[in-house]
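Enquirer: Input structure: data.txt, which contains compact mmCIF, C-alpha atoms.
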```txt
# COMPACT_ATOMS: atom_id res chain seq x y z
CA MET A 265 -17.00 115.08 130.26
CA THR A 266 -19.47 117.80 131.16
CA ASN A 267 -21.53 120.37 129.36
CA ASP A 268 -20.07 122.94 131.68
CA ALA A 269 -16.49 122.74 130.54
CA LYS A 270 -15.46 125.96 132.25
CA GLY A 271 -14.62 126.17 135.91
CA LYS A 272 -11.65 126.82 138.14
CA GLY A 273 -11.57 130.51 137.36
CA GLY A 274 -12.58 129.93 133.77
CA TRP A 275 -9.88 127.36 133.02
CA PRO A 276 -11.18 124.84 130.51
CA LEU A 277 -11.60 121.17 131.34
CA PHE A 278 -9.29 118.68 129.62
CA GLU A 279 -9.81 114.94 129.32
CA VAL A 280 -6.65 112.97 130.07
CA PHE A 281 -5.61 109.80 128.24
CA ILE A 282 -2.63 107.74 129.38
CA ARG A 283 -0.61 105.12 127.50
CA SER A 284 0.54 102.75 130.23
CA LYS A 285 3.27 101.16 128.13
CA GLN A 286 4.55 101.09 124.58
CA GLY A 287 2.34 98.87 122.47
CA LEU A 288 -0.92 99.73 124.26
CA SER A 289 -3.49 102.39 123.40
CA HIS A 290 -4.00 105.58 125.35
CA VAL A 291 -6.85 105.01 127.80
CA HIS A 292 -9.06 107.64 129.42
CA ALA A 293 -7.86 108.31 132.97
CA GLY A 294 -9.95 111.30 134.09
CA SER A 295 -10.08 115.02 133.62
CA LEU A 296 -8.59 118.20 134.99
CA HIS A 297 -8.65 121.96 134.60
CA ALA A 298 -5.71 123.87 133.19
CA ALA A 299 -5.03 127.24 131.62
CA ASP A 300 -3.74 125.58 128.44
CA ALA A 301 -2.75 122.21 126.98
CA LYS A 302 0.84 122.47 128.16
CA MET A 303 -0.23 122.98 131.75
CA ALA A 304 -2.80 120.21 131.36
CA ILE A 305 -0.01 117.77 130.44
CA GLU A 306 2.14 118.92 133.36
CA ASN A 307 -0.74 118.55 135.79
CA ALA A 308 -1.84 115.23 134.31
CA ARG A 309 1.64 113.91 135.00
CA ASP A 310 1.28 114.79 138.70
CA VAL A 311 -2.34 113.75 139.07
CA TYR A 312 -2.49 110.57 137.00
CA THR A 313 1.03 109.12 136.76
CA ARG A 314 2.55 109.21 140.24
CA ARG A 315 3.25 105.47 140.15
CA ASN A 316 4.66 104.75 136.71
CA GLU A 317 1.19 104.48 135.20
CA GLY A 318 2.26 106.16 132.00
CA THR A 319 4.75 106.48 129.18
CA SER A 320 2.74 109.04 127.22
CA ILE A 321 -0.08 111.51 127.90
CA TRP A 322 -2.77 112.94 125.66
CA VAL A 323 -4.91 115.85 126.77
CA VAL A 324 -7.99 116.91 124.81
CA PRO A 325 -10.23 119.90 125.58
CA SER A 326 -13.45 118.28 126.82
CA ASP A 327 -15.61 120.41 124.56
CA ALA A 328 -13.69 119.11 121.52
CA ILE A 329 -15.08 115.62 122.03
CA SER A 330 -18.22 114.63 120.15
CA ALA A 331 -20.11 111.78 121.75
CA SER A 332 -22.97 109.54 120.67
CA ALA A 333 -26.18 110.24 122.60
CA PRO A 334 -27.42 107.65 125.10
CA GLU A 335 -30.84 107.61 123.39
CA ASP A 336 -29.16 106.51 120.13
CA LYS A 337 -27.75 103.42 121.79
CA GLY A 338 -30.43 101.16 120.31
CA THR A 339 -30.20 102.51 116.77
CA LEU A 340 -26.43 102.36 116.77
CA PHE A 341 -25.68 99.11 118.49
CA ASP A 342 -28.71 96.81 118.41
CA PRO A 343 -28.30 95.85 114.70
CA ALA A 344 -25.09 93.99 115.62
CA ASP A 345 -27.07 91.73 118.00
CA SER A 346 -28.67 89.78 115.16
CA LYS A 347 -25.47 89.25 113.21
CA ILE A 348 -24.15 86.32 115.12
CA TYR A 349 -22.56 84.95 111.93
CA ARG A 350 -19.86 87.58 112.48
CA HIS A 351 -18.51 85.47 115.33
CA PRO A 352 -16.36 82.37 114.72
CA THR A 353 -18.43 80.31 117.17
CA PHE A 354 -21.43 80.55 114.77
CA TYR A 355 -19.88 77.90 112.51
CA THR A 356 -19.93 74.17 113.16
CA VAL A 357 -16.81 72.44 111.92
CA PRO A 358 -15.44 68.96 112.60
CA ASP A 359 -13.35 68.62 115.79
CA ASP A 360 -10.64 66.58 114.11
CA VAL A 361 -9.73 69.16 111.46
CA GLU A 362 -6.89 71.31 112.76
CA CYS A 363 -6.07 75.02 112.40
CA LEU A 364 -9.69 76.16 112.16
CA MET B 260 -30.93 101.86 130.97
CA VAL B 261 -33.64 104.49 130.93
CA HIS B 262 -35.40 105.36 127.68
CA GLU B 263 -35.53 109.11 127.15
CA ALA B 264 -38.99 108.88 125.61
CA SER B 265 -40.57 107.31 128.69
CA ALA B 266 -42.98 109.18 130.95
CA PRO B 267 -41.28 110.66 134.03
CA ASP B 268 -42.58 108.14 136.57
CA GLU B 269 -41.74 105.27 134.20
CA ARG B 270 -38.21 106.62 133.91
CA ALA B 271 -37.74 106.53 137.67
CA GLU B 272 -38.98 102.95 137.71
CA GLN B 273 -36.71 101.91 134.84
CA PHE B 274 -33.80 103.60 136.58
CA ASP B 275 -34.38 101.82 139.88
CA ALA B 276 -34.63 98.47 138.08
CA TRP B 277 -31.47 99.20 136.09
CA VAL B 278 -29.34 99.92 139.17
CA ALA B 279 -31.00 97.16 141.23
CA ASP B 280 -29.78 94.80 138.51
CA GLU B 281 -26.16 95.92 139.19
CA ASN B 282 -25.86 98.03 136.04
CA LYS B 283 -23.77 101.20 135.95
CA VAL B 284 -24.95 104.73 135.30
CA GLU B 285 -22.85 107.05 133.15
CA PRO B 286 -22.88 110.88 133.05
CA GLN B 287 -25.10 111.33 129.99
CA ASP B 288 -27.73 108.80 131.12
CA TRP B 289 -31.03 109.97 132.54
CA MET B 290 -31.03 109.84 136.33
CA PRO B 291 -33.40 110.99 139.05
CA GLU B 292 -32.62 114.42 140.45
CA GLY B 293 -32.23 112.95 143.94
CA TYR B 294 -29.63 110.45 142.70
CA ALA B 295 -27.50 113.20 141.14
CA LYS B 296 -27.94 115.41 144.18
CA THR B 297 -26.93 112.66 146.59
CA LEU B 298 -23.87 111.90 144.50
CA VAL B 299 -22.79 115.53 144.23
CA ARG B 300 -23.11 115.89 148.01
CA GLN B 301 -21.23 112.68 148.76
CA ILE B 302 -18.49 112.99 146.12
CA SER B 303 -17.77 116.66 146.81
CA GLN B 304 -17.73 116.03 150.56
CA HIS B 305 -15.30 113.23 149.91
CA ALA B 306 -13.12 115.47 147.72
CA HIS B 307 -13.15 118.25 150.34
CA SER B 308 -12.06 115.70 152.97
CA GLU B 309 -9.04 114.76 150.88
CA ILE B 310 -8.07 118.41 150.44
CA ILE B 311 -8.56 119.42 154.09
CA GLY B 312 -6.99 116.09 155.09
CA MET B 313 -3.64 117.33 153.78
CA GLN B 314 -3.39 119.80 156.66
CA PRO B 315 -3.05 117.59 159.77
CA GLU B 316 -0.23 115.60 158.19
CA GLY B 317 1.27 118.52 156.30
CA ASN B 318 1.90 119.93 159.77
CA TRP B 319 4.71 117.37 160.22
CA ILE B 320 6.44 117.35 156.83
CA THR B 321 9.18 119.78 157.88
CA ARG B 322 9.67 117.95 161.18
CA ALA B 323 9.74 114.32 160.01
CA PRO B 324 12.45 112.46 161.96
CA SER B 325 14.33 111.13 158.91
CA LEU B 326 14.64 111.74 155.18
CA ARG B 327 12.90 108.39 154.57
CA ARG B 328 9.89 109.38 156.67
CA LYS B 329 9.83 112.82 155.10
CA ALA B 330 9.78 111.44 151.55
CA ILE B 331 6.98 109.02 152.52
CA LEU B 332 4.90 111.75 154.15
CA LEU B 333 5.37 114.09 151.19
CA ALA B 334 4.24 111.36 148.81
CA LYS B 335 1.23 110.57 150.99
CA VAL B 336 0.10 114.19 151.24
CA GLN B 337 0.57 114.56 147.48
CA ASP B 338 -1.65 111.49 147.03
CA GLU B 339 -4.38 113.15 149.10
CA ALA B 340 -4.30 116.12 146.73
CA GLY B 341 -4.53 113.70 143.81
CA HIS B 342 -7.48 111.89 145.41
CA GLY B 343 -9.25 115.21 145.87
CA LEU B 344 -8.73 115.96 142.17
CA TYR B 345 -10.00 112.55 140.97
CA LEU B 346 -13.11 113.08 143.06
CA TYR B 347 -13.73 116.68 141.99
CA SER B 348 -13.52 115.56 138.39
CA ALA B 349 -16.01 112.73 139.07
CA ALA B 350 -18.41 115.24 140.67
CA GLU B 351 -18.03 117.61 137.72
CA THR B 352 -19.52 114.97 135.42
CA LEU B 353 -22.79 115.75 137.23
CA ASN B 354 -22.71 119.33 135.94
CA VAL B 355 -21.57 121.02 139.11
CA SER B 356 -18.61 123.32 138.54
CA ARG B 357 -15.33 123.12 140.41
CA ASP B 358 -15.64 126.79 141.33
CA GLN B 359 -19.02 126.13 142.93
CA MET B 360 -17.71 123.19 144.95
CA GLU B 361 -14.70 125.16 146.15
CA ALA B 362 -16.90 128.11 147.05
CA ASP B 363 -19.19 125.81 149.05
CA LEU B 364 -16.24 124.42 150.97
CA MET B 365 -14.83 127.83 151.77
CA SER B 366 -18.17 129.33 152.80
CA GLY B 367 -18.69 126.40 155.18
CA LYS B 368 -21.81 125.25 153.30
CA ALA B 369 -20.22 121.95 152.28
CA LYS B 370 -18.91 119.57 154.92
CA TYR B 371 -15.81 117.39 155.10
CA SER B 372 -14.94 114.46 157.31
CA SER B 373 -14.98 115.49 160.96
CA ILE B 374 -11.77 113.54 161.67
CA PHE B 375 -9.64 116.25 160.07
CA ASN B 376 -10.69 118.75 162.72
CA TYR B 377 -8.48 117.08 165.31
CA PRO B 378 -4.91 118.29 165.89
CA THR B 379 -1.69 116.37 165.18
CA LEU B 380 0.19 117.03 168.41
CA THR B 381 3.10 114.59 168.07
CA TRP B 382 4.92 112.70 165.35
CA ALA B 383 3.08 109.54 166.43
CA ASP B 384 -0.13 111.14 165.19
CA VAL B 385 1.18 110.77 161.65
CA GLY B 386 1.38 107.02 162.27
CA ALA B 387 -2.03 106.87 163.94
CA ILE B 388 -3.62 108.73 161.03
CA GLY B 389 -2.14 106.37 158.43
CA TRP B 390 -3.02 103.28 160.42
CA LEU B 391 -6.48 104.24 161.72
CA VAL B 392 -7.83 107.07 159.58
CA ASP B 393 -6.63 105.63 156.27
CA GLY B 394 -7.51 102.14 157.55
CA ALA B 395 -11.07 103.31 158.22
CA ALA B 396 -11.15 105.10 154.88
CA ILE B 397 -10.23 101.87 153.08
CA VAL B 398 -13.05 99.96 154.80
CA ASN B 399 -15.41 102.71 153.70
CA GLN B 400 -14.03 103.08 150.19
CA ILE B 401 -13.64 99.52 148.96
CA PRO B 402 -17.41 99.04 148.59
CA LEU B 403 -17.55 102.40 146.77
CA CYS B 404 -15.48 100.86 143.95
CA ARG B 405 -18.73 99.05 143.09
CA CYS B 406 -20.88 102.18 143.30
CA SER B 407 -23.55 102.39 140.60
CA TYR B 408 -22.23 105.72 139.28
CA GLY B 409 -19.41 104.92 136.86
CA PRO B 410 -17.16 107.98 137.28
CA TYR B 411 -17.29 107.72 141.10
CA ALA B 412 -16.58 103.98 141.06
CA ARG B 413 -13.63 104.50 138.70
CA ALA B 414 -12.19 107.29 140.86
CA MET B 415 -12.54 105.07 143.93
CA ILE B 416 -10.67 102.19 142.30
CA ARG B 417 -7.76 104.53 141.71
CA VAL B 418 -7.97 105.90 145.25
CA CYS B 419 -8.11 102.45 146.87
CA LYS B 420 -5.05 101.27 144.98
CA GLU B 421 -3.07 104.12 146.49
CA GLU B 422 -4.64 104.08 149.94
CA SER B 423 -3.07 100.78 150.91
CA PHE B 424 0.37 102.41 150.99
CA HIS B 425 -1.03 105.05 153.35
CA GLN B 426 -2.31 102.52 155.83
CA ARG B 427 0.82 100.37 155.75
CA GLN B 428 3.26 103.25 156.20
CA GLY B 429 1.20 104.37 159.20
CA PHE B 430 1.21 100.93 160.75
CA GLU B 431 4.94 100.59 160.16
CA LEU B 432 5.52 103.98 161.80
CA MET B 433 3.43 102.92 164.83
CA MET B 434 5.38 99.65 164.97
CA ALA B 435 8.72 101.48 164.98
CA LEU B 436 7.51 103.63 167.89
CA SER B 437 5.88 100.84 169.87
CA GLN B 438 9.08 98.77 169.64
CA GLY B 439 11.26 101.76 170.54
CA THR B 440 12.13 103.44 173.83
CA PRO B 441 9.51 103.66 176.61
CA GLU B 442 8.97 107.31 175.62
CA GLN B 443 8.35 106.33 172.00
CA LYS B 444 5.94 103.60 173.00
CA ALA B 445 4.11 106.08 175.24
CA MET B 446 3.84 108.43 172.27
CA ALA B 447 2.27 105.69 170.16
CA GLN B 448 -0.19 104.87 172.96
CA ASP B 449 -1.07 108.53 173.42
CA ALA B 450 -1.77 108.90 169.70
CA LEU B 451 -4.03 105.83 169.74
CA ASN B 452 -5.84 107.25 172.79
CA ARG B 453 -6.64 110.46 170.95
CA TRP B 454 -7.43 109.06 167.50
CA TRP B 455 -9.38 105.92 168.36
CA TRP B 456 -12.83 107.38 168.98
CA PRO B 457 -12.72 109.97 166.18
CA ALA B 458 -11.71 107.10 163.82
CA VAL B 459 -14.64 104.98 165.02
CA GLN B 460 -16.92 107.96 164.35
CA MET B 461 -15.63 108.34 160.78
CA PHE B 462 -18.28 105.91 159.55
CA GLY B 463 -20.97 108.44 160.35
CA PRO B 464 -23.96 108.35 162.69
CA PRO B 465 -25.48 105.04 163.80
CA ASP B 466 -27.90 103.44 161.32
CA HIS B 467 -31.03 104.54 163.22
CA ASP B 468 -29.82 108.13 162.95
CA SER B 469 -28.76 108.09 159.29
CA PRO B 470 -31.83 109.21 157.31
CA HIS B 471 -30.41 109.00 153.76
CA SER B 472 -28.80 105.58 154.07
CA ALA B 473 -31.75 103.46 152.90
CA GLN B 474 -32.17 105.39 149.63
CA SER B 475 -28.41 105.41 148.99
CA MET B 476 -28.32 101.66 149.47
CA ALA B 477 -31.28 101.12 147.14
CA TRP B 478 -29.46 103.18 144.50
CA LYS B 479 -26.30 101.12 145.10
CA ILE B 480 -24.31 104.23 145.95
CA LYS B 481 -23.74 102.77 149.39
CA ARG B 482 -23.26 99.04 149.83
CA PHE B 483 -23.12 98.55 153.59
CA SER B 484 -24.62 100.46 156.49
CA ASN B 485 -22.53 102.78 158.68
CA ASP B 486 -22.69 100.38 161.62
CA ASP B 487 -21.69 97.34 159.55
CA LEU B 488 -18.65 99.14 158.17
CA ARG B 489 -17.75 100.46 161.62
CA GLN B 490 -17.86 96.93 163.05
CA LYS B 491 -15.63 95.66 160.28
CA PHE B 492 -13.10 98.37 161.08
CA ILE B 493 -13.20 97.71 164.84
CA ASP B 494 -12.64 93.96 164.40
CA MET B 495 -9.70 94.69 162.13
CA ALA B 496 -8.15 97.40 164.33
CA VAL B 497 -8.38 95.39 167.57
CA LYS B 498 -6.12 92.70 166.16
CA GLN B 499 -3.73 95.28 164.73
CA ALA B 500 -3.47 97.06 168.11
CA GLN B 501 -2.63 93.71 169.69
CA ALA B 502 0.16 93.25 167.17
CA LEU B 503 1.48 96.69 168.12
CA HIS B 504 1.18 95.88 171.86
CA ILE B 505 -0.76 99.05 172.55
CA GLU B 506 -4.17 99.32 174.21
CA ILE B 507 -7.38 100.55 172.63
CA PRO B 508 -8.73 103.21 175.03
CA ASP B 509 -12.05 101.49 175.73
CA PRO B 510 -12.51 99.65 179.04
CA ASP B 511 -15.75 98.11 177.73
CA LEU B 512 -14.16 96.60 174.62
CA LYS B 513 -14.75 92.85 174.65
CA PHE B 514 -15.14 89.97 172.25
CA ASN B 515 -18.72 88.83 171.82
CA GLU B 516 -18.68 85.03 171.46
CA GLU B 517 -22.22 85.04 170.13
CA THR B 518 -21.74 87.48 167.26
CA GLY B 519 -18.05 86.82 166.69
CA HIS B 520 -17.40 90.57 166.79
CA TRP B 521 -15.82 93.02 169.20
CA ASP B 522 -18.31 95.11 171.20
CA THR B 523 -17.25 98.63 172.14
CA GLY B 524 -18.33 100.98 174.86
CA GLU B 525 -20.71 103.81 174.13
CA ILE B 526 -19.68 106.15 171.30
CA ASN B 527 -19.89 109.85 172.14
CA TRP B 528 -22.21 111.06 169.40
CA ASP B 529 -22.61 114.48 171.01
CA GLU B 530 -18.95 115.11 170.33
CA PHE B 531 -19.36 113.86 166.75
CA TRP B 532 -22.26 116.22 166.03
CA ALA B 533 -20.47 119.14 167.67
CA VAL B 534 -17.46 118.60 165.38
CA VAL B 535 -19.71 118.19 162.32
CA LYS B 536 -21.32 121.52 163.18
CA GLY B 537 -17.90 123.19 163.10
CA HIS B 538 -16.90 123.09 166.77
CA GLY B 539 -13.96 120.70 166.42
CA PRO B 540 -10.65 121.64 168.01
CA CYS B 541 -9.16 122.73 164.67
CA SER B 542 -12.25 123.50 162.57
CA ARG B 543 -11.59 127.23 162.32
CA GLU B 544 -7.90 126.77 161.65
CA ARG B 545 -8.53 124.27 158.84
CA MET B 546 -10.99 126.58 157.11
CA ALA B 547 -8.80 129.65 157.63
CA ASN B 548 -5.82 127.82 156.10
CA ARG B 549 -7.89 126.65 153.13
CA ARG B 550 -9.19 130.15 152.43
CA LYS B 551 -5.73 131.66 152.82
CA ALA B 552 -4.18 129.12 150.44
CA HIS B 553 -6.92 129.84 147.90
CA ASN B 554 -6.52 133.61 148.18
CA ASP B 555 -2.72 133.49 148.21
CA GLY B 556 -2.83 131.41 145.02
CA ALA B 557 -5.07 133.85 143.17
CA TRP B 558 -2.17 135.70 141.50
CA VAL B 559 -0.70 132.40 140.27
CA ARG B 560 -3.99 131.41 138.66
CA GLU B 561 -4.35 134.86 137.11
CA ALA B 562 -0.78 134.81 135.81
CA ALA B 563 -1.26 131.35 134.30
CA THR B 564 -4.47 132.49 132.60
CA ALA B 565 -2.76 135.61 131.22
CA PHE B 566 0.25 133.60 130.03
CA ALA B 567 -1.97 131.06 128.27
CA ALA B 568 -3.87 133.88 126.53
CA LYS B 569 -0.60 135.49 125.43
CA GLU B 570 0.78 132.22 124.07
CA ARG B 571 -2.47 131.58 122.22
CA ALA B 572 -2.40 135.07 120.68
CA ARG B 573 1.22 134.59 119.64
CA ALA B 574 0.47 131.25 118.01
CA GLU B 575 -2.46 132.75 116.12
CA LYS B 576 -0.29 135.61 114.88
CA VAL B 577 2.35 133.21 113.59
CA ALA B 578 -0.33 131.17 111.83
CA ALA B 579 -1.89 134.25 110.22
```
Written as structure tokens, that's how I'd like the structure from this file.

Expert:
Amino acid sequence: MTNDAKGKGGWPLFEVFIRSKQGLSHVHAGSLHAADAKMAIENARDVYTRRNEGTSIWVVPSDAISASAPEDKGTLFDPADSKIYRHPTFYTVPDDVECL
Amino acid sequence: MVHEASAPDERAEQFDAWVADENKVEPQDWMPEGYAKTLVRQISQHAHSEIIGMQPEGNWITRAPSLRRKAILLAKVQDEAGHGLYLYSAAETLNVSRDQMEADLMSGKAKYSSIFNYPTLTWADVGAIGWLVDGAAIVNQIPLCRCSYGPYARAMIRVCKEESFHQRQGFELMMALSQGTPEQKAMAQDALNRWWWPAVQMFGPPDHDSPHSAQSMAWKIKRFSNDDLRQKFIDMAVKQAQALHIEIPDPDLKFNEETGHWDTGEINWDEFWAVVKGHGPCSRERMANRRKAHNDGAWVREAATAFAAKERARAEKVAA
């Protein structure tokens, strides 16, 4: 994603997400320029799925994505560090009790 | 990771420590100007090489000797276009626009790999390119999958996955020729004769003449020096040439028992620099073709823009 979403003669930048098979989420594959969403899907098919990588494509205008700022990383994610009781390995249970 | 609040010189220090520790850098992270600049130069040069690299092989698509070979070559050239696009999109994350990169290529300001300025005179050249040029590219590109800049590393992983097909189809083509009639074998040998040294030069100038290498290695953009990668390629290619029963055109080529590597004769760096400066046998033709394709496509881009605007207006009218 870039701040400068225009380029290629003013065509907007789209982020491309591909679902590799039914049952899995769409995953970010890259980006491309296109005149509109329809063309972005057509181009994404040629650029990102030449070897059966996909069963479904999402394209999203890059400037429609809101992202957390790198400088907020600490505020957002550090609090989880101290909450180790959220993980199953925090708890000591007897070895001989099953299904725990 | 670099803290935004840090003083500028502290930031540079934190950055160096972060990458030295094998961490990745992502587009929104703070990075030294030189790091971004180096990446833009390298990634865009790489993208341009993929785009210009379609021409030497594209030259043979209509003359491929069988439908099988034609389909393979079409797929390979299409892959090169795809690789160019992955790389342009990686470079764009560094806030350089696609238009700017394309303009720099067409004005001659930006460079591309010198190998693509050599002509493809016979069908065997298509094999030699796949085997040697894509083979050399793989040696160069595999370490780039671990590059410190996330978008570049991710693009390279995708490229490397596809590049293996390119090398293998080239080797198979060379094998078919070298096991064919005497004329076919001579064609394969002739192609090796012409492509060997340019392929060896693909790794760039020798280490003592490569001023930016040390910084690129410290930033983990580059993982191995030009000469180390070149040696790896030579060792690999010598064995492959033996399997093809064709001769590498270097009378001084010999196995060095001490180092365990193959030593080559002197590399003609004057030729390399002449080609880099735009005096390769096909340099003008490649650039002229690129500019023509861009200009000839202008009406298509304009029509697509106009059509998209019309569709948007129509949709808005329906909604209103």

Enquirer: Kindly provide, as an mmCIF file with C-alpha atoms, in the coordinates of the input, the residues of chain B having any atom no farther than 8 Å from an atom of chain A, counting all atoms listed in the file.

Expert:
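Result file follows (out_14.cif):
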```
data_model
loop_
_atom_site.group_PDB
_atom_site.id
_atom_site.type_symbol
_atom_site.label_atom_id
_atom_site.label_comp_id
_atom_site.auth_asym_id
_atom_site.auth_seq_id
_atom_site.Cartn_x
_atom_site.Cartn_y
_atom_site.Cartn_z
ATOM 1 C CA HIS B 262 -35.400 105.360 127.680
ATOM 2 C CA GLU B 263 -35.530 109.110 127.150
ATOM 3 C CA PRO B 286 -22.880 110.880 133.050
ATOM 4 C CA GLN B 287 -25.100 111.330 129.990
ATOM 5 C CA ASP B 288 -27.730 108.800 131.120
ATOM 6 C CA GLY B 341 -4.530 113.700 143.810
ATOM 7 C CA LEU B 344 -8.730 115.960 142.170
ATOM 8 C CA TYR B 345 -10.000 112.550 140.970
ATOM 9 C CA SER B 348 -13.520 115.560 138.390
ATOM 10 C CA ALA B 349 -16.010 112.730 139.070
ATOM 11 C CA GLU B 351 -18.030 117.610 137.720
ATOM 12 C CA THR B 352 -19.520 114.970 135.420
ATOM 13 C CA LEU B 353 -22.790 115.750 137.230
ATOM 14 C CA ASN B 354 -22.710 119.330 135.940
ATOM 15 C CA VAL B 355 -21.570 121.020 139.110
ATOM 16 C CA SER B 356 -18.610 123.320 138.540
ATOM 17 C CA ARG B 357 -15.330 123.120 140.410
ATOM 18 C CA ASP B 358 -15.640 126.790 141.330
ATOM 19 C CA ARG B 560 -3.990 131.410 138.660
ATOM 20 C CA ALA B 563 -1.260 131.350 134.300
ATOM 21 C CA THR B 564 -4.470 132.490 132.600
ATOM 22 C CA ALA B 567 -1.970 131.060 128.270
#
```

Enquirer: Quick one: residues within 7 Å of segment 401-415 of chain B, all atoms listed in the file, excluding same-chain residues fewer than 4 positions away - as a list in words?

Expert: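 Contacts, with the query itself left out: Val278, Asn282, Lys283, Val284, Glu285, Tyr345, Leu346, Ala349, Ile397, Cys419, Lys479, Ile480, Lys481 and Arg482 of chain B.
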
Enquirer: Print the selection's residues with C-alpha atoms to a file, as a compact mmCIF listing (two decimals), keeping the file's coordinate frame.

Expert:
```txt
# COMPACT_ATOMS: atom_id res chain seq x y z
CA VAL B 278 -29.34 99.92 139.17
CA ASN B 282 -25.86 98.03 136.04
CA LYS B 283 -23.77 101.20 135.95
CA VAL B 284 -24.95 104.73 135.30
CA GLU B 285 -22.85 107.05 133.15
CA TYR B 345 -10.00 112.55 140.97
CA LEU B 346 -13.11 113.08 143.06
CA ALA B 349 -16.01 112.73 139.07
CA ILE B 397 -10.23 101.87 153.08
CA CYS B 419 -8.11 102.45 146.87
CA LYS B 479 -26.30 101.12 145.10
CA ILE B 480 -24.31 104.23 145.95
CA LYS B 481 -23.74 102.77 149.39
CA ARG B 482 -23.26 99.04 149.83
```

Enquirer: What separation in Å, quoted to one decimal, exists between atom CA of Tyr371 of chain B and atom CA of Val497 of chain B?

Expert: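 Separating atom CA of Tyr371 of chain B from atom CA of Val497 of chain B is a distance of 26.4 Å.
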
Enquirer: From the set A:Glu306, A:Lys347, A:His292, A:Arg283, which residue has the shortest atom-to-atom contact distance to Ser326 of chain A, counting all atoms listed in the file?

Expert: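 Nearest candidate to Ser326 of chain A out of A:Glu306, A:Lys347, A:His292, A:Arg283: A:His292.
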
Enquirer: From the options B:Ala295, B:Ile310, B:Ala450, B:Leu380, which residue's atoms come nearest to Asn548 of chain B, counting all atoms listed in the file?

Expert: B:Ile310

Enquirer: Calculate how many Å separate atom CA of Met434 of chain B from atom CA of Gln501 of chain B, rounding to one decimal.

Expert: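 Result for atom CA of Met434 of chain B versus atom CA of Gln501 of chain B: 11.0 Å, one decimal.
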
Enquirer: Which is closest to Glu506 of chain B among B:Arg453, B:His307, B:Lys296, B:Lys368, if we use all atoms listed in the file?

Expert: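 Closest to Glu506 of chain B, using all atoms listed in the file: B:Arg453.
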
Enquirer: What gap, in Å, lies between atom CA of Ala306 of chain B and atom CA of Arg550 of chain B?

Expert: 15.9 Å

Enquirer: Taking (6.9, 114.4, 155.3) in the file's coordinates, which residues come within 9 Å, counting all atoms listed in the file, written as a CSV table (one decimal) with C-alpha atoms, in the coordinates of the input?

Expert:
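Below is the file selection_30.csv, written as the result:
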```
chain,number,residue,atom,x,y,z
B,316,GLU,CA,-0.2,115.6,158.2
B,317,GLY,CA,1.3,118.5,156.3
B,318,ASN,CA,1.9,119.9,159.8
B,319,TRP,CA,4.7,117.4,160.2
B,320,ILE,CA,6.4,117.4,156.8
B,321,THR,CA,9.2,119.8,157.9
B,322,ARG,CA,9.7,118.0,161.2
B,323,ALA,CA,9.7,114.3,160.0
B,324,PRO,CA,12.4,112.5,162.0
B,325,SER,CA,14.3,111.1,158.9
B,326,LEU,CA,14.6,111.7,155.2
B,327,ARG,CA,12.9,108.4,154.6
B,328,ARG,CA,9.9,109.4,156.7
B,329,LYS,CA,9.8,112.8,155.1
B,330,ALA,CA,9.8,111.4,151.6
B,331,ILE,CA,7.0,109.0,152.5
B,332,LEU,CA,4.9,111.8,154.2
B,333,LEU,CA,5.4,114.1,151.2
B,334,ALA,CA,4.2,111.4,148.8
B,335,LYS,CA,1.2,110.6,151.0
B,336,VAL,CA,0.1,114.2,151.2
```

Enquirer: With a distance cut-off of 12 Å and only C-alpha atoms, select the neighbouring residues of Leu288 of chain A, excluding the residue or stretch itself and same-chain residues fewer than 4 positions from it, and output the selection as a VMD selection string.

Expert: chain A and resid 281 to 284 318 to 320

Enquirer: As a ChimeraX atom specification, please: the residues near Gly539 of chain B (cut-off 8 Å, only C-alpha atoms, same-chain neighbours under 6 positions excluded).

Expert: /B:373,376-377,533
